[in-house]
Amino acid sequence: MQETSGHLEREAGIPLAWRAVEGRGPTVVWLGGFKSDMTGTKAEALADQAVAVGRAFLRFDYSGHGESGGAFTDGTIGSWRADALAMIDALTTGELILVGSSMGGWLACLIALARPERVKGLVLVAPAADFPQALMIPEMTDADRAALARDGVWMRPSEYGDPYPITRRFLEEAADWSLLPGPLGIDLPVRILQGGADPDVPWRHALALAEALTSQDQVFSLVRDGDHRLSRPEDIARLLAFVEELCA
């Protein structure tokens, strides 16, 4: 059993790249982070796990990300949510376990609310719910705000490469999908893996999401020295164990 790949054509002819493993359910769906792609360490580990045990698995790139078409600066939380729902509806059947990292954790919650009859559980890694309003806007300087007002875009510095272009439209539209402070009617098993030394999503922010969920079946695992990516071998092992638990 191996992964297959392809493209799903979306609105305006934008192709979204995907990779999938056929197997038994529930289908594990990987939801990547902001400006990341489906070839990262965690996604690769989940794909390897799926192939090894014969489990159905789907990963993909949102528009403007990785191998998919479209411009990153045209994307919003709402459009990437729509991409994810289109992928899930077109390429999967039956129950789902959503595994979301950073922004993908936010999208996983939004999808669970949109498809409650299908989502069986959530595994969230450093979930960044509401991050534009809660984490980005508060860090902006007067110069950043002036650039956004003048140019419609703010070039936000990143520790992971070139600055990220953050558009005014992205920041304004994100408020339409806010989840906090809750409560959020998500009553299913939730496992959260969070780094205590995460510079991008403070652990208290992730905990606020956990507290907003109505689910009583929750585990919040704080890796005291963990960073945002949580891609060390021991972190990957914890992630795969959570997935195995919820798929059982």
# chains A, B, ... in the order shown; residues from 1 in each chain; ligands from 1

call {"tool": "select_by_dssp", "arguments": {"residues": "region 30-207 of chain A", "states": "helix (DSSP H, G or I)", "output": "JSON, numbers by chain"}}
result
{"A": [41, 42, 43, 44, 45, 46, 47, 48, 49, 50, 51, 52, 53, 72, 73, 74, 77, 78, 79, 80, 81, 82, 83, 84, 85, 86, 87, 88, 89, 90, 91, 103, 104, 105, 106, 107, 108, 109, 110, 111, 112, 113, 114, 131, 132, 133, 134, 135, 136, 137, 138, 139, 142, 143, 144, 145, 146, 147, 148, 149, 150, 151, 168, 169, 170, 171, 172, 173, 174, 175, 176, 177, 203, 204, 205, 206, 207]}

call {"tool": "closest_atom_pairs", "arguments": {"of": "region 6-85 of chain A", "to": "region 225-248 of chain A", "cutoff": "9 Å", "atoms": "only C-alpha atoms", "output": "tab-separated table"}}
result
residue	atom	partner	partner_atom	distance
A:Gly25	CA	A:Cys247	CA	7.8
A:Pro26	CA	A:Cys247	CA	6.3
A:Thr27	CA	A:Cys247	CA	8.6
A:Val28	CA	A:Val243	CA	8.1
A:Gly40	CA	A:Ser231	CA	8.9
A:Thr41	CA	A:Ser231	CA	6.3
A:Lys42	CA	A:Ser231	CA	6.4
A:Ala45	CA	A:Ile236	CA	7.4
A:Leu46	CA	A:Leu240	CA	7.0
A:Gln49	CA	A:Leu240	CA	7.7

call {"tool": "write_last_selection", "arguments": {"atoms": "N, CA, C and O atoms", "output": "mmCIF file, in the first residue's frame"}}
result
data_model
loop_
_atom_site.group_PDB
_atom_site.id
_atom_site.type_symbol
_atom_site.label_atom_id
_atom_site.label_comp_id
_atom_site.auth_asym_id
_atom_site.auth_seq_id
_atom_site.Cartn_x
_atom_site.Cartn_y
_atom_site.Cartn_z
ATOM 1 N N GLY A 25 -10.710 2.786 7.884
ATOM 2 C CA GLY A 25 -11.012 4.026 8.584
ATOM 3 C C GLY A 25 -10.800 3.913 10.074
ATOM 4 O O GLY A 25 -10.480 2.835 10.590
ATOM 5 N N PRO A 26 -10.960 5.016 10.794
ATOM 6 C CA PRO A 26 -11.305 6.332 10.258
ATOM 7 C C PRO A 26 -10.151 6.938 9.449
ATOM 8 O O PRO A 26 -8.991 6.599 9.667
ATOM 9 N N THR A 27 -10.503 7.831 8.539
ATOM 10 C CA THR A 27 -9.482 8.514 7.747
ATOM 11 C C THR A 27 -8.823 9.607 8.576
ATOM 12 O O THR A 27 -9.507 10.447 9.165
ATOM 13 N N VAL A 28 -7.504 9.572 8.624
ATOM 14 C CA VAL A 28 -6.740 10.628 9.292
ATOM 15 C C VAL A 28 -6.481 11.733 8.271
ATOM 16 O O VAL A 28 -5.992 11.463 7.173
ATOM 17 N N GLY A 40 6.027 18.432 5.415
ATOM 18 C CA GLY A 40 6.770 18.607 6.654
ATOM 19 C C GLY A 40 6.967 17.309 7.410
ATOM 20 O O GLY A 40 6.375 16.267 7.089
ATOM 21 N N THR A 41 7.779 17.372 8.440
ATOM 22 C CA THR A 41 8.155 16.179 9.199
ATOM 23 C C THR A 41 6.955 15.465 9.797
ATOM 24 O O THR A 41 6.842 14.224 9.730
ATOM 25 N N LYS A 42 6.040 16.204 10.397
ATOM 26 C CA LYS A 42 4.883 15.575 11.036
ATOM 27 C C LYS A 42 3.960 14.918 10.009
ATOM 28 O O LYS A 42 3.480 13.808 10.217
ATOM 29 N N ALA A 45 5.540 11.732 8.752
ATOM 30 C CA ALA A 45 5.450 10.668 9.752
ATOM 31 C C ALA A 45 4.056 10.062 9.785
ATOM 32 O O ALA A 45 3.892 8.836 9.924
ATOM 33 N N LEU A 46 3.035 10.889 9.673
ATOM 34 C CA LEU A 46 1.666 10.379 9.656
ATOM 35 C C LEU A 46 1.406 9.542 8.407
ATOM 36 O O LEU A 46 0.710 8.522 8.468
ATOM 37 N N GLN A 49 3.048 6.224 8.946
ATOM 38 C CA GLN A 49 2.244 5.445 9.883
ATOM 39 C C GLN A 49 1.035 4.832 9.169
ATOM 40 O O GLN A 49 0.719 3.648 9.360
#

call {"tool": "residues_around", "arguments": {"residues": "Thr93 (chain A)", "least_positions_apart": "5", "cutoff": "12 Å", "atoms": "only C-alpha atoms", "output": "compact mmCIF listing (two decimals) with N, CA and C atoms, in the first residue's frame"}}
result
# COMPACT_ATOMS: atom_id res chain seq x y z
N GLU A 22 -5.04 4.81 0.65
CA GLU A 22 -6.28 4.07 0.80
C GLU A 22 -6.11 3.02 1.89
N GLY A 23 -7.13 2.88 2.73
CA GLY A 23 -7.04 1.90 3.80
C GLY A 23 -8.29 1.93 4.66
N ARG A 24 -8.17 1.29 5.80
CA ARG A 24 -9.31 1.23 6.71
C ARG A 24 -9.50 2.57 7.41
N GLY A 25 -10.71 2.79 7.88
CA GLY A 25 -11.01 4.03 8.58
C GLY A 25 -10.80 3.91 10.07
N PRO A 26 -10.96 5.02 10.79
CA PRO A 26 -11.31 6.33 10.26
C PRO A 26 -10.15 6.94 9.45
N THR A 27 -10.50 7.83 8.54
CA THR A 27 -9.48 8.51 7.75
C THR A 27 -8.82 9.61 8.58
N VAL A 28 -7.50 9.57 8.62
CA VAL A 28 -6.74 10.63 9.29
C VAL A 28 -6.48 11.73 8.27
N VAL A 29 -6.84 12.96 8.62
CA VAL A 29 -6.65 14.10 7.72
C VAL A 29 -5.67 15.08 8.36
N ALA A 56 -6.46 4.72 6.18
CA ALA A 56 -6.75 5.79 5.23
C ALA A 56 -6.19 7.10 5.74
N PHE A 57 -5.60 7.87 4.83
CA PHE A 57 -4.92 9.12 5.22
C PHE A 57 -5.00 10.10 4.07
N LEU A 58 -5.18 11.38 4.42
CA LEU A 58 -5.21 12.45 3.42
C LEU A 58 -4.41 13.63 3.92
N MET A 87 -11.74 19.31 0.00
CA MET A 87 -10.89 18.12 -0.04
C MET A 87 -11.54 16.96 0.70
N ILE A 88 -12.02 17.23 1.91
CA ILE A 88 -12.63 16.18 2.72
C ILE A 88 -13.87 15.62 2.05
N ARG A 115 -18.82 19.74 10.14
CA ARG A 115 -19.12 18.35 9.79
C ARG A 115 -19.16 17.49 11.06
N GLU A 117 -21.14 15.28 12.11
CA GLU A 117 -21.55 13.89 11.91
C GLU A 117 -20.41 13.01 11.44
N ARG A 118 -19.30 13.60 10.99
CA ARG A 118 -18.21 12.82 10.43
C ARG A 118 -16.95 12.82 11.30
N VAL A 119 -16.72 13.87 12.05
CA VAL A 119 -15.46 13.97 12.79
C VAL A 119 -15.56 13.18 14.09

call {"tool": "closest_residue", "arguments": {"among": "A:Leu213, A:Cys109, A:Leu148, A:Leu135", "to": "Pro165 (chain A)", "atoms": "only C-alpha atoms"}}
result
A:Leu148

call {"tool": "closest_residue", "arguments": {"among": "A:Glu44, A:Pro183, A:Tyr62, A:Gly69", "to": "Ala12 (chain A)", "atoms": "only C-alpha atoms"}}
result
A:Gly69

call {"tool": "atom_distance", "arguments": {"atom1": "CA of Trp80 (chain A)", "atom2": "CA of Gly161 (chain A)"}}
result
21.6 Å
